[in-house]
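Asks: The structure follows.
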Amino acid sequence: AKKQQWKRLLLGAYERDGEVGVGRSRNQSQEAAMETEGNACGRRSERSKGLEERKGASKAVKCRALIVHPLFSNSKRIEAISKTEYKRSTAVRFIGIPLVLDLAQYDLFGSKSVGTGGTLWYAENILAEYVIRRFAKKTGRFCAIELGCGASPVAGMALWALGIDVVFTDLKECLNRTRENLRRNANAILKTSRLLNRVPGKVHVEELMWGTMGIPRSVAAHGPFDLILCSDCIYQKKLHPLLVQTLSTLLAKNNCCMLAYQKREAAVESAFFSDVLPKTDMKYKPISIKNIVKEMLPLWPIPIREFLFEKDPDDYFKVYAISL
């Protein structure tokens with residue numbers, strides 16, 4: 001029971017039609033967050049259910065997107081709904097490079113919330129450690145673009161410290177959070193680059209909406225892109241064709257996309273690979289992150305370490321390489 005509680009509270013849980021699974025992730029719209037405002041603060045008691053029935057409710061209220069994140073307590077999240085945005089910070093340490101990030105984190109709800117894009121999710125950390133290992137020895141001109149980067153684009157920031165140019169992209173309402181964390185950690189990244197005898201890469205923050213609108217000139221001007229990063233962006237089916245359309249524009253024969261996510265709704269996530277990608281010229285292959293996660297676990301909160309201690313990380317996190 002204790003492990004189930006940790007899984008629910010620390011890996012992010014949602015309730016949907018009576019089932020409990022692993023929670024949703026980044027870029028959740030404000031509409032979905034506010035939709036759950038009145039009914040997503042926990043499992044309703046039998047008493048509240050009976051009261052609702054006595055009032056003659058014609059339609060049962062479903063808890064569609066309850067998101068619980070380890071950085072925010074229930075009381076603070078509820079306070080944010082009714083009053084103001086709640087913010088704190090978290091430190092992120094790396095195994096592959098001597099870098100410690102201090103990232104401002106924003107509550108998932110509230111009048112100024114940008115939804116799940118305001119906080120850091122663990123798949124981003126895993127992606128960061130993977131790209132550090134794979135691209136740490138890159139020299140010469142190399143440019144990466146991160147899609148749906150959110151407020152805490154850890155993978156892109158790690159590449160920045162390695163001397164790689166990075167373009168961070170997301171929706172307009174999220175980018176102020178991104179800029180804040182980039183400014184907040186600029187000195188730490190500069191220090192790390194010096195320790196590695198590197199010159200920090202160039203950084204750009206640009207608005208990018210996925211879909212048929214193509215790549216804006218402001219984004220394309222920084223290309224061509226040697227690497228595309230994408231973390232926790234396939235948690236909704238409606239996003240799949242939009243993401244694929246953008247990838248089809250960015251991908252070339254000499255680059256690839258590293259896509260990472262935490263498993264939440266298997267049917268939704270697998271549909272991206274079984275239903276959407278096969279309709280394109282893209283191919284994909286899974287990357288095992290078992291050893292990376294085991295190395296990272298000592299840096300994660302104790303309940304998560306204990307939950308994953310004897311489990312296969314590949315059952316909970318996925319990384320894929322997508323290419324033409």
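The way I read the labels, and the way they are meant: chains A, B, ... in the order of the structure tokens, residue 1 as the first residue of every chain, and ligand 1 as the first ligand shown, with later ones counted on from there.
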Within 12 Å of Lys279 of chain A, counting only C-alpha atoms, which residues show up once you throw out same-chain ones fewer than 6 positions away? Write them as a compact mmCIF listing (two decimals) with C-alpha atoms, in the first residue's frame, please.

Replies:
```txt
# COMPACT_ATOMS: atom_id res chain seq x y z
CA HIS A 240 0.32 13.00 -32.71
CA PRO A 241 -0.41 14.18 -36.28
CA VAL A 244 4.59 14.27 -37.01
CA GLN A 245 3.93 17.12 -39.43
CA SER A 248 8.59 15.71 -41.23
CA ALA A 271 -0.69 4.66 -31.17
CA PHE A 272 1.96 7.23 -32.08
CA PHE A 273 4.28 4.42 -33.20
```

Asks: Report the residues of segment 110-285 of chain A whose backbone DSSP state falls under helix (DSSP H, G or I), written as a PyMOL selection string.

Replies: chain A and resi 115-118+122-135+154-161+172-195+217-220+237-250+266-279

Asks: Which residues are close to segment 155-161 of chain A, i.e. within 10 Å by only C-alpha atoms, leaving aside same-chain residues fewer than 6 positions away? Reply as a PyMOL selection string.

Replies: chain A and resi 94+96-101+123-132+135-136+142-147+149+167-168+181-182+185-186+188-196+198-203+228-231

Asks: Set the distance at 8 Å and use only C-alpha atoms: which residues neighbour Lys263 of chain A once local chain neighbours fewer than 3 positions away are removed? I'd like the list as a PyMOL selection string.

Replies: chain A and resi 22+266+269+315-318

Asks: So how many Å separate atom CA of Ser218 of chain A and atom CA of Gly140 of chain A, to one decimal?

Replies: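 Result for atom CA of Ser218 of chain A versus atom CA of Gly140 of chain A: 22.9 Å, one decimal.
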
Asks: Would you mind reading off the distance between atom CA of Gln262 of chain A and atom CA of Leu324 of chain A, one decimal, in Å?

Replies: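 These two atoms are separated by 24.0 Å.
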
Asks: Write out as number ranges by chain all residues of segment 245-324 of chain A that backbone DSSP assigns to strand (DSSP E).

Replies: A: 256-262, 283-287, 317-323

Asks: For the selection just defined, write its residues with N, CA and C atoms to a file, as an mmCIF file, in the first residue's frame.

Replies:
```cif
data_model
loop_
_atom_site.group_PDB
_atom_site.id
_atom_site.type_symbol
_atom_site.label_atom_id
_atom_site.label_comp_id
_atom_site.auth_asym_id
_atom_site.auth_seq_id
_atom_site.Cartn_x
_atom_site.Cartn_y
_atom_site.Cartn_z
ATOM 1 N N CYS A 256 18.456 13.309 -36.595
ATOM 2 C CA CYS A 256 17.488 12.415 -35.963
ATOM 3 C C CYS A 256 16.765 13.144 -34.848
ATOM 4 N N CYS A 257 15.681 12.546 -34.392
ATOM 5 C CA CYS A 257 14.927 13.068 -33.261
ATOM 6 C C CYS A 257 15.031 12.073 -32.109
ATOM 7 N N MET A 258 15.396 12.587 -30.940
ATOM 8 C CA MET A 258 15.401 11.768 -29.735
ATOM 9 C C MET A 258 14.131 12.094 -28.963
ATOM 10 N N LEU A 259 13.228 11.129 -28.882
ATOM 11 C CA LEU A 259 11.934 11.318 -28.238
ATOM 12 C C LEU A 259 11.871 10.489 -26.959
ATOM 13 N N ALA A 260 11.587 11.151 -25.842
ATOM 14 C CA ALA A 260 11.508 10.464 -24.544
ATOM 15 C C ALA A 260 10.139 10.710 -23.924
ATOM 16 N N TYR A 261 9.687 9.750 -23.137
ATOM 17 C CA TYR A 261 8.429 9.963 -22.414
ATOM 18 C C TYR A 261 8.327 8.990 -21.254
ATOM 19 N N GLN A 262 7.526 9.382 -20.285
ATOM 20 C CA GLN A 262 7.180 8.503 -19.167
ATOM 21 C C GLN A 262 5.880 7.803 -19.525
ATOM 22 N N LYS A 283 11.351 6.158 -39.544
ATOM 23 C CA LYS A 283 11.574 4.888 -38.855
ATOM 24 C C LYS A 283 12.042 5.191 -37.436
ATOM 25 N N TYR A 284 11.880 4.219 -36.570
ATOM 26 C CA TYR A 284 12.226 4.470 -35.174
ATOM 27 C C TYR A 284 12.806 3.211 -34.559
ATOM 28 N N LYS A 285 13.601 3.416 -33.519
ATOM 29 C CA LYS A 285 14.134 2.273 -32.762
ATOM 30 C C LYS A 285 14.213 2.657 -31.289
ATOM 31 N N PRO A 286 13.898 1.720 -30.410
ATOM 32 C CA PRO A 286 13.954 1.999 -28.969
ATOM 33 C C PRO A 286 15.390 2.033 -28.473
ATOM 34 N N ILE A 287 15.622 2.870 -27.477
ATOM 35 C CA ILE A 287 16.925 2.984 -26.833
ATOM 36 C C ILE A 287 16.776 2.529 -25.379
ATOM 37 N N PHE A 317 9.855 4.242 -18.446
ATOM 38 C CA PHE A 317 10.354 5.338 -19.280
ATOM 39 C C PHE A 317 10.798 4.789 -20.620
ATOM 40 N N LYS A 318 10.605 5.586 -21.674
ATOM 41 C CA LYS A 318 10.974 5.166 -23.004
ATOM 42 C C LYS A 318 11.746 6.280 -23.708
ATOM 43 N N VAL A 319 12.748 5.864 -24.480
ATOM 44 C CA VAL A 319 13.487 6.785 -25.363
ATOM 45 C C VAL A 319 13.563 6.132 -26.729
ATOM 46 N N TYR A 320 13.219 6.885 -27.767
ATOM 47 C CA TYR A 320 13.265 6.390 -29.138
ATOM 48 C C TYR A 320 14.097 7.333 -29.994
ATOM 49 N N ALA A 321 14.808 6.753 -30.951
ATOM 50 C CA ALA A 321 15.485 7.525 -31.988
ATOM 51 C C ALA A 321 14.630 7.447 -33.247
ATOM 52 N N ILE A 322 14.221 8.606 -33.763
ATOM 53 C CA ILE A 322 13.376 8.676 -34.959
ATOM 54 C C ILE A 322 14.168 9.327 -36.077
ATOM 55 N N SER A 323 14.155 8.713 -37.229
ATOM 56 C CA SER A 323 14.923 9.232 -38.365
ATOM 57 C C SER A 323 14.218 8.883 -39.666
#
```

Asks: Any idea what the distance is between atom CA of Thr169 of chain A and atom CA of Glu207 of chain A?

Replies: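 Taking atom CA of Thr169 of chain A and atom CA of Glu207 of chain A, their separation equals 5.4 Å.
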